[in-house]
Amino acid sequence: MYHMELTSASRSHAIPSQPLIDRFPFPFKEDKYRYSNNSKALESPLVLDITPEYFEEVKSKRDILAKTHNRAYQALSHSMDGQWEILENIIEEMVEQHPGYFGLEKDGDIWTFYNYLLEEQQTFTLGDPSTLPYEPLDFIGRHVQEDLIYIGHRNGDLYMDAGQLCFPANWSIAFNLGMTYTEFHSPVPHYSDSGLAEKVRNFLLRMEAGKPWTRLNWTLTVDGVLPTFPEIFDEWGTKANEVTVENAGERVYLRVEDQKLFRLPRSYGILFGIHTHLISVEELCKKQEWAVRFCNVLEDLPDYMAEYKGFLSYKPYLVQYLKNSF
Amino acid sequence: MTAQPLKVMVKDIKRESPFVKSFTLIPAGSKPLPGFSGGSHITTYLRHNDQTMERHYSLTNTPGRPGYYKIAVKREENSKGGSIYFHESVQVGDQLDISYPKNNFLLSFQGSRHIFIAAGIGITPFMAMMKELKKQDKSFELHYAAKSKEACAFYNTLLSHFKKETHFYFSKENNRMNPELMKNQPIGTHVYFCGPEAMIKEYANTAASYGYPEANIHFELFSAPDTGPKHAFQVYLKRSNMWLEVPEGESLLDTLLAHEIDVPYSCKIGGCGSCQQFVSKGEIDHRDLFLTETEKRSTDVMMTCVSRANSPSIELDI
Amino acid sequence: MEEKKCELLRKEKIGHHIHKLEVKMDDAVLSKDCGKIRTIKWEGHVFEHPILYVRISKRRKKYYLFLDESKSECSLLRDRFPCSNFYLQEDEEYVPAYVPRNNDQKVISFIDEQSLFDTLPVIDLLLSKNIEQQIYAAGSLSDNKIKQYLNRQLQENVTYMTSFTSTHISSILSGQFIGTSLSITGTWPVVQELKKLAVSQGFTEEEIQCKGVGPKQKKVFCVKCYSINELKEDMNCPDCHADLDVSDHFSRRLEAYLGYIEIE
């Protein structure tokens with residue numbers, strides 16, 4: 001098998017660079033936003049999206065995992081089969097879709113995985129967690145930009161059984177671990193009490209392998225902080241008070257989660273991948289139709305949603321900034 | 001919305017009984033077949049006389065990632081052609097299109113004891129489920145009713161692998177299986193039925209009368225229950241702003257698909273829940289076995305494969 | 001809720017302070033199989049007094065009432081009540097200690113001295129439905145009279161224990177068959193402990209009913225340091241001293257509510 005050798009000089013150019021504005025997944029399809037089952041079929045059934053931020057984000061994830069492991073990684077012991085299935089699926093996708101970045105050698109159940117981007121390799125035996133430095137989900141999550149959550153399907157319900165979560169939108173996997181789908185969504189206003197959470201749960205229970213689904217979720221973050229853990233809310237939460245009409249463009253970021261759901265036919269659980277994209281409002285305003293639409297969405301948004309998403313206090317400044325931009 | 005089918009090749013055909021043949025399927029390309037869990041089935045897409053026949057078969061080999069699938073097909077003389085096609089036309093080396101494994105018949109995670117009750121070809125999903133439990137060293141038993149030893153598929157396999165757990169009931173020997181076998185079972189027991197509808201109903205009702213919680217009773221249907229005449233009705237698709245006529249005798253799902261409306265579906269017999277749609281107006285004649293009574297009363301969802309309108313027209317959120 | 005008239009048929013003192021009355025409703029019947037009376041009215045007097053009821057014959061409109069006189073300071077009620085006719089008004093909020101499921105074959109009840117009174121109507125309800133029952137009573141029941149009553153009602157199916165030990169309870173639970181339900185009553189900590197044991201023995205939510213008495217201490221998970229402490233007013237985490245904004249997001253695994261960091 002041929003292994004691509006990358007020098008450090010060529011590494012930074014390995015991932016084609018494309019302006020953020022041309023690849024950002026803008027989430028608003030109309031001038032208003034409400035909760036709904038806005039999932040749609042995922043056209044190309046792929047978990048991963050490798051962007052120029054790969055090196056920076058993977059490093060950030062690894063730093064977080066090294067310093068505060070239980071904040072970013074949690075798993076129930078019975079999730080091990082599901083974890084292996086996720087690892088296998090992701091590695092297969094890596095080498096099939098990105099043979100220039102990743103490689104794999106198989107010798108029966110002994111696999112050697114290569115990450116050419118990071119110049120790393122790991123040999124392990126499938127199904128034997130002692131051959132990996134971390135649990136399978138925790139291992140493979142360190143090679144991708146996505147947060148990876150394993151949802152177990154048991155007792156006729158869906159449970160958060162494991163997850164590596166470095167870039168949460170203010171939720172804690174240390175707290176949510178082991179909850180059912182409706183339980184871990186209970187803080188989302190109107191989602192549970194309207195019965196929508198239950199409907200979406202029933203829809204997910206019947207998801208089939210080979211037919212993945214995707215949806216975009218969004219919120220706002222000040223200063224483009226990716227790891228908005230509730231555990232360190234005192235570090236990033238106060239920034240909301242610093243937003244003004246003048247600095248909103250520079251400091252407020254639209255945060256979009258590209259969420260993907262895959263049925264795992266072997267464990268019969270679900271892989272929930274979250275790729276978080278950030279764009280500053282200033283940059284977003286380079287596309288005037290986006291600025292206008294975003295402004296309309298914000299103006300129409302009920303206060304309870306702005307409150308839940310954490311930007312009610314500075315929403316008027318942001319709206320004013322957007323209006324000034326067009 | 002439908003996933004690309006998996007391409008497989010028939011590697012081996014084995015006769016399991018006078019009317020049952022097993023087919024071993026391996027990938028037609030280089031990509032390994034997805035793994036599966038006990039209780040899974042696949043849909044086979046058979047092209048025959050310009051038509052595609054969809055048939056569902058349980059996987060009978062050991063779950064995990066074995067790299068191949070095994071199905072067992074019973075020859076049904078009055079079938080619509082699927083089983084005859086398998087028995088008469090399919091040869092070793094043939095290529096087939098199949099779906100990814102789907103599972104509407106999962107083993108209970110919290111169950112501490114599992115009782116499988118099979119009639120005839122209803123044995124197939126249990127073959128894989130028992131192999132999975134055996135691997136995990138868990139407690140289970142099989143009760144299997146067939147006409148005779150000779151007509152009993154997997155007789156020898158069961159004797160050699162699950163002798164201790166298997167109880168046979170051969171009607172020719174006047175040994176009939178009785179639902180009373182579910183009585184006085186320990187807390188944590190789950191019961192699973194697979195066979196004709198009448199048998200499933202009888203066992204499910206008896207289990208409930210013994211105090212089995214609803215969540216401890218599992219079953220898989222093989223064919224759609226006969227739920228009466230299929231009258232014509234109108235359907236309005238709200239988001240598409242379109243009126244359709246569902247003709248007498250045809251399902252709403254088939255009408256939608258015939259009009260190239262891309263809606264999900266799977267079993268087509270009201271058992272899996274895949275074809276659920278939201279109903280915004282009209283009364284529904286629920287004919288599925290998937291929705292709970294409470295869900296049926298709430299009337300905002302329906303299974304388009306078997307359920308129909310109770311009012312002259314209904315409105316769907318499509 | 002309307003007042004309903006009834007006639008006293010029989011009266012028996014079954015405990016030092018507990019009376020069991022057999023009554024026949026005059027016209028309107030009581031709404032549930034097993035419930036609670038909020039007020040009784042007789043000869044122009046109105047009493048708010050805990051009385052539990054259980055229906056023993058639907059056709060003949062017959063009920064048993066259970067009255068704990070120790071809970072009333074009114075001597076009139078103790079000395080003269082009841083007479084032949086009086087009026088009852090129901091308490092609609094009341095949740096009985098146990099509501100039989102369809103197809104219950106057997107019910108095992110765990111009770112203590114405090115929850116005993118709530119259990120009395122349930123015993124008659126299960127007897128009337130021919131459902132087998134087994135009662136385990138913890139703590140010393142100081143009232144010998146009520147013990148005699150229980151022994152009479154249940155014969156060998158009542159067991160007195162000084163306390164519930166997990167090994168003993170597990171051995172009771174492990175040999176049970178499908179069709180057996182559990183009724184767990186008592187103080188909240190004991191109820192929660194017993195429920196955990198039952199779940200570990202394979203009982204599901206559907207097969208367990210709990211009714212706790214007294215305060216149920218809420219616990220809070222501090223999102224900053226992950227410690228779990230009892231809920232207080234103006235919650236400040238005793239371990240990391242973060243001010244916590246306690247939400248109603250609850251984890252069954254941690255048995256705690258989520259406390260978010262509160263900032264100025």
# chains A, B, ... in the order shown; residues from 1 in each chain; ligands from 1

$ interface_residues --of "chain C" --to "chain A" --cutoff "9 Å" --atoms "only C-alpha atoms" --output "compact mmCIF listing (two decimals) with N, CA, C and O atoms, in the first residue's frame"
# COMPACT_ATOMS: atom_id res chain seq x y z
N PHE C 221 -27.00 19.15 40.78
CA PHE C 221 -25.71 18.83 40.17
C PHE C 221 -25.06 20.15 39.80
O PHE C 221 -25.61 20.93 39.02
N CYS C 222 -23.90 20.41 40.35
CA CYS C 222 -23.19 21.66 40.03
C CYS C 222 -22.46 21.44 38.71
O CYS C 222 -21.57 20.59 38.61
N VAL C 223 -22.81 22.23 37.69
CA VAL C 223 -22.22 22.00 36.36
C VAL C 223 -20.75 22.40 36.35
O VAL C 223 -20.00 21.98 35.47
N LYS C 224 -20.33 23.18 37.33
CA LYS C 224 -18.94 23.60 37.33
C LYS C 224 -18.01 22.53 37.89
O LYS C 224 -16.99 22.21 37.30
N CYS C 225 -18.38 21.94 39.03
CA CYS C 225 -17.44 20.99 39.65
C CYS C 225 -18.01 19.58 39.75
O CYS C 225 -17.34 18.66 40.24
N TYR C 226 -19.25 19.38 39.27
CA TYR C 226 -19.89 18.06 39.21
C TYR C 226 -20.24 17.46 40.57
O TYR C 226 -20.53 16.27 40.67
N SER C 247 -32.08 24.63 37.46
CA SER C 247 -33.10 24.47 36.42
C SER C 247 -33.99 23.29 36.77
O SER C 247 -33.73 22.58 37.73
N ASP C 248 -35.03 23.06 35.98
CA ASP C 248 -35.82 21.85 36.23
C ASP C 248 -35.39 20.70 35.33
O ASP C 248 -36.10 19.70 35.19
N HIS C 249 -34.21 20.82 34.73
CA HIS C 249 -33.65 19.72 33.94
C HIS C 249 -33.14 18.66 34.92
O HIS C 249 -32.26 18.94 35.73
N PHE C 250 -33.70 17.45 34.82
CA PHE C 250 -33.44 16.42 35.82
C PHE C 250 -32.77 15.20 35.19
O PHE C 250 -33.13 14.79 34.10
N SER C 251 -31.79 14.64 35.89
CA SER C 251 -31.15 13.41 35.44
C SER C 251 -31.54 12.27 36.37
O SER C 251 -31.30 12.34 37.57
N ARG C 252 -32.15 11.24 35.80
CA ARG C 252 -32.52 10.08 36.63
C ARG C 252 -31.27 9.31 37.06
O ARG C 252 -31.21 8.72 38.12
N ARG C 253 -30.25 9.33 36.20
CA ARG C 253 -29.01 8.63 36.54
C ARG C 253 -28.35 9.27 37.76
O ARG C 253 -27.90 8.58 38.67
N LEU C 254 -28.30 10.60 37.78
CA LEU C 254 -27.65 11.29 38.88
C LEU C 254 -28.63 11.63 40.00
O LEU C 254 -28.22 12.06 41.07
N LEU C 258 -30.12 20.07 37.28
CA LEU C 258 -28.93 20.75 36.77
C LEU C 258 -28.85 22.16 37.35
O LEU C 258 -29.79 22.94 37.24
N TYR C 260 -26.97 25.57 36.79
CA TYR C 260 -26.10 26.34 35.89
C TYR C 260 -25.32 27.39 36.68
O TYR C 260 -25.79 27.85 37.72
N ILE C 261 -24.19 27.78 36.13
CA ILE C 261 -23.43 28.86 36.77
C ILE C 261 -24.20 30.17 36.58
O ILE C 261 -24.62 30.49 35.47
N GLU C 262 -24.38 30.89 37.68
CA GLU C 262 -25.08 32.16 37.60
C GLU C 262 -24.05 33.27 37.56
O GLU C 262 -23.11 33.27 38.35
N ILE C 263 -24.20 34.18 36.59
CA ILE C 263 -23.26 35.31 36.55
C ILE C 263 -24.04 36.58 36.73
O ILE C 263 -25.24 36.64 36.51
N GLU C 264 -23.32 37.63 37.12
CA GLU C 264 -23.95 38.94 37.36
C GLU C 264 -24.54 39.47 36.07
O GLU C 264 -23.92 39.43 35.04

$ residues_around --residues "Leu205 of chain A" --least-positions-apart "6" --cutoff "8 Å" --atoms "only C-alpha atoms" --output "JSON, numbers by chain"
{"A": [153, 156, 157, 158]}

$ write_last_selection --atoms "N, CA, C and O atoms" --output "tab-separated table (two decimals), in the first residue's frame"
chain	number	residue	atom	x	y	z
A	153	HIS	N	-30.24	2.61	21.14
A	153	HIS	CA	-31.66	2.30	20.89
A	153	HIS	C	-31.97	1.09	21.77
A	153	HIS	O	-31.56	-0.02	21.48
A	156	GLY	N	-37.12	0.31	23.53
A	156	GLY	CA	-38.07	1.09	22.74
A	156	GLY	C	-37.87	2.59	22.83
A	156	GLY	O	-38.76	3.36	22.51
A	157	ASP	N	-36.67	3.02	23.25
A	157	ASP	CA	-36.41	4.45	23.35
A	157	ASP	C	-34.97	4.74	22.92
A	157	ASP	O	-34.21	3.82	22.65
A	158	LEU	N	-34.62	6.04	22.87
A	158	LEU	CA	-33.27	6.44	22.47
A	158	LEU	C	-32.58	7.08	23.66
A	158	LEU	O	-33.15	7.96	24.31

$ closest_atom_pairs --of "chain B" --to "chain A" --cutoff "6 Å" --atoms "only C-alpha atoms" --output "Markdown table"
| residue | atom | partner | partner_atom | distance |
| --- | --- | --- | --- | --- |
| B:Ala3 | CA | A:Lys211 | CA | 5.3 |
| B:Gly35 | CA | A:Arg266 | CA | 4.7 |
| B:Phe36 | CA | A:Arg266 | CA | 3.9 |
| B:Ser37 | CA | A:Arg266 | CA | 4.9 |
| B:Gly64 | CA | A:Arg266 | CA | 5.9 |
| B:Tyr100 | CA | A:Ala209 | CA | 5.9 |
| B:Ser108 | CA | A:Asn155 | CA | 5.9 |
| B:Phe109 | CA | A:Arg154 | CA | 5.6 |
| B:Ser274 | CA | A:Arg206 | CA | 6.0 |

$ residues_around --residues "Phe124 of chain A" --least-positions-apart "5" --cutoff "7 Å" --atoms "only C-alpha atoms" --output "ChimeraX atom specification"
/A:110-112,131-132

$ write_last_selection --atoms "all heavy atoms" --output "mmCIF file, in the first residue's frame"
data_model
loop_
_atom_site.group_PDB
_atom_site.id
_atom_site.type_symbol
_atom_site.label_atom_id
_atom_site.label_comp_id
_atom_site.auth_asym_id
_atom_site.auth_seq_id
_atom_site.Cartn_x
_atom_site.Cartn_y
_atom_site.Cartn_z
ATOM 1 N N ILE A 110 -6.740 -6.957 12.683
ATOM 2 C CA ILE A 110 -5.712 -6.003 13.094
ATOM 3 C C ILE A 110 -5.628 -4.899 12.050
ATOM 4 O O ILE A 110 -5.330 -5.156 10.884
ATOM 5 C CB ILE A 110 -4.342 -6.696 13.279
ATOM 6 C CG1 ILE A 110 -4.484 -7.784 14.351
ATOM 7 C CG2 ILE A 110 -3.265 -5.674 13.668
ATOM 8 C CD1 ILE A 110 -3.256 -8.648 14.524
ATOM 9 N N TRP A 111 -5.958 -3.702 12.474
ATOM 10 C CA TRP A 111 -5.999 -2.558 11.565
ATOM 11 C C TRP A 111 -4.879 -1.590 11.923
ATOM 12 O O TRP A 111 -4.585 -1.375 13.100
ATOM 13 C CB TRP A 111 -7.325 -1.797 11.694
ATOM 14 C CG TRP A 111 -8.524 -2.461 11.062
ATOM 15 C CD1 TRP A 111 -8.652 -3.776 10.733
ATOM 16 C CD2 TRP A 111 -9.770 -1.825 10.729
ATOM 17 N NE1 TRP A 111 -9.903 -4.008 10.208
ATOM 18 C CE2 TRP A 111 -10.610 -2.839 10.194
ATOM 19 C CE3 TRP A 111 -10.273 -0.534 10.832
ATOM 20 C CZ2 TRP A 111 -11.913 -2.571 9.765
ATOM 21 C CZ3 TRP A 111 -11.564 -0.266 10.403
ATOM 22 C CH2 TRP A 111 -12.374 -1.277 9.862
ATOM 23 N N THR A 112 -4.277 -1.017 10.877
ATOM 24 C CA THR A 112 -3.357 0.097 11.115
ATOM 25 C C THR A 112 -3.932 1.321 10.429
ATOM 26 O O THR A 112 -4.168 1.313 9.216
ATOM 27 C CB THR A 112 -1.940 -0.212 10.601
ATOM 28 O OG1 THR A 112 -1.480 -1.384 11.282
ATOM 29 C CG2 THR A 112 -0.987 0.942 10.895
ATOM 30 N N THR A 131 -6.165 -2.273 22.959
ATOM 31 C CA THR A 131 -5.158 -1.989 21.934
ATOM 32 C C THR A 131 -5.203 -0.536 21.463
ATOM 33 O O THR A 131 -4.445 -0.145 20.583
ATOM 34 C CB THR A 131 -5.325 -2.927 20.721
ATOM 35 O OG1 THR A 131 -6.662 -2.779 20.203
ATOM 36 C CG2 THR A 131 -5.112 -4.377 21.117
ATOM 37 N N LEU A 132 -6.126 0.243 22.033
ATOM 38 C CA LEU A 132 -6.215 1.665 21.683
ATOM 39 C C LEU A 132 -5.861 2.502 22.916
ATOM 40 O O LEU A 132 -6.138 2.084 24.040
ATOM 41 C CB LEU A 132 -7.651 2.016 21.254
ATOM 42 C CG LEU A 132 -8.100 1.688 19.836
ATOM 43 C CD1 LEU A 132 -9.588 1.990 19.675
ATOM 44 C CD2 LEU A 132 -7.292 2.455 18.804
#

$ residues_around --residues "segment 280-290 of chain B" --least-positions-apart "6" --cutoff "7 Å" --atoms "only C-alpha atoms" --output "list of chain:residue names"
B:Thr227, B:Gly270, B:Gly271, B:Cys272, B:Gly273, B:Lys296, B:Thr299, B:Asp300, B:Met302, B:Met303, B:Val306, B:Ser307, B:Arg308, B:Ala309, B:Asn310, B:Ser311, B:Ser313, B:Ile314, B:Glu315, B:Leu316, B:Asp317

$ interface_residues --of "chain C" --to "chain B" --cutoff "8 Å" --atoms "only C-alpha atoms" --output "PyMOL selection string"
chain C and resi 102-105+174-180+201-204+206-207

$ select_by_dssp --residues "segment 93-141 of chain B" --states "alpha helix (DSSP H)" --output "count of residues only"
12

$ closest_residue --among "B:Cys152, B:Ala118, B:Met53, B:Ala128" --to "Lys74 of chain B" --atoms "only C-alpha atoms"
B:Cys152

$ select_by_dssp --residues "segment 208-290 of chain A" --states "strand (DSSP E or B)" --output "PyMOL selection string"
chain A and resi 213-222+228+252-263+270-280

$ atom_distance --atom1 "atom CA of Arg23 of chain A" --atom2 "atom CA of Leu278 of chain A"
11.1 Å

$ residues_around --residues "Gly214 of chain C" --least-positions-apart "3" --cutoff "12 Å" --atoms "only C-alpha atoms" --output "list in words"
Gln114, Ser115, Thr185, Gly186, Thr187, Trp188, Pro189, Val190, Val191, Lys211 and Gln217 of chain C

$ closest_residue --among "C:Cys34, C:Val95, C:Val29, C:Cys210" --to "Leu120 of chain C" --atoms "only C-alpha atoms"
C:Cys34

$ residues_around --residues "Arg59 of chain C" --least-positions-apart "6" --cutoff "12 Å" --atoms "only C-alpha atoms" --output "PyMOL selection string"
chain C and resi 24-25+27+29

$ residues_around --residues "Lys61 of chain C" --least-positions-apart "2" --cutoff "12 Å" --atoms "only C-alpha atoms" --output "MDAnalysis selection string"
chainID C and resid 4:7 9 22:33 54:59 63:64

$ atom_distance --atom1 "atom CA of Met9 of chain B" --atom2 "atom CA of Gly269 of chain A"
27.5 Å

$ closest_residue --among "B:Leu106, B:Ala153, B:Met177, B:Leu96" --to "Val73 of chain B" --atoms "only C-alpha atoms"
B:Ala153
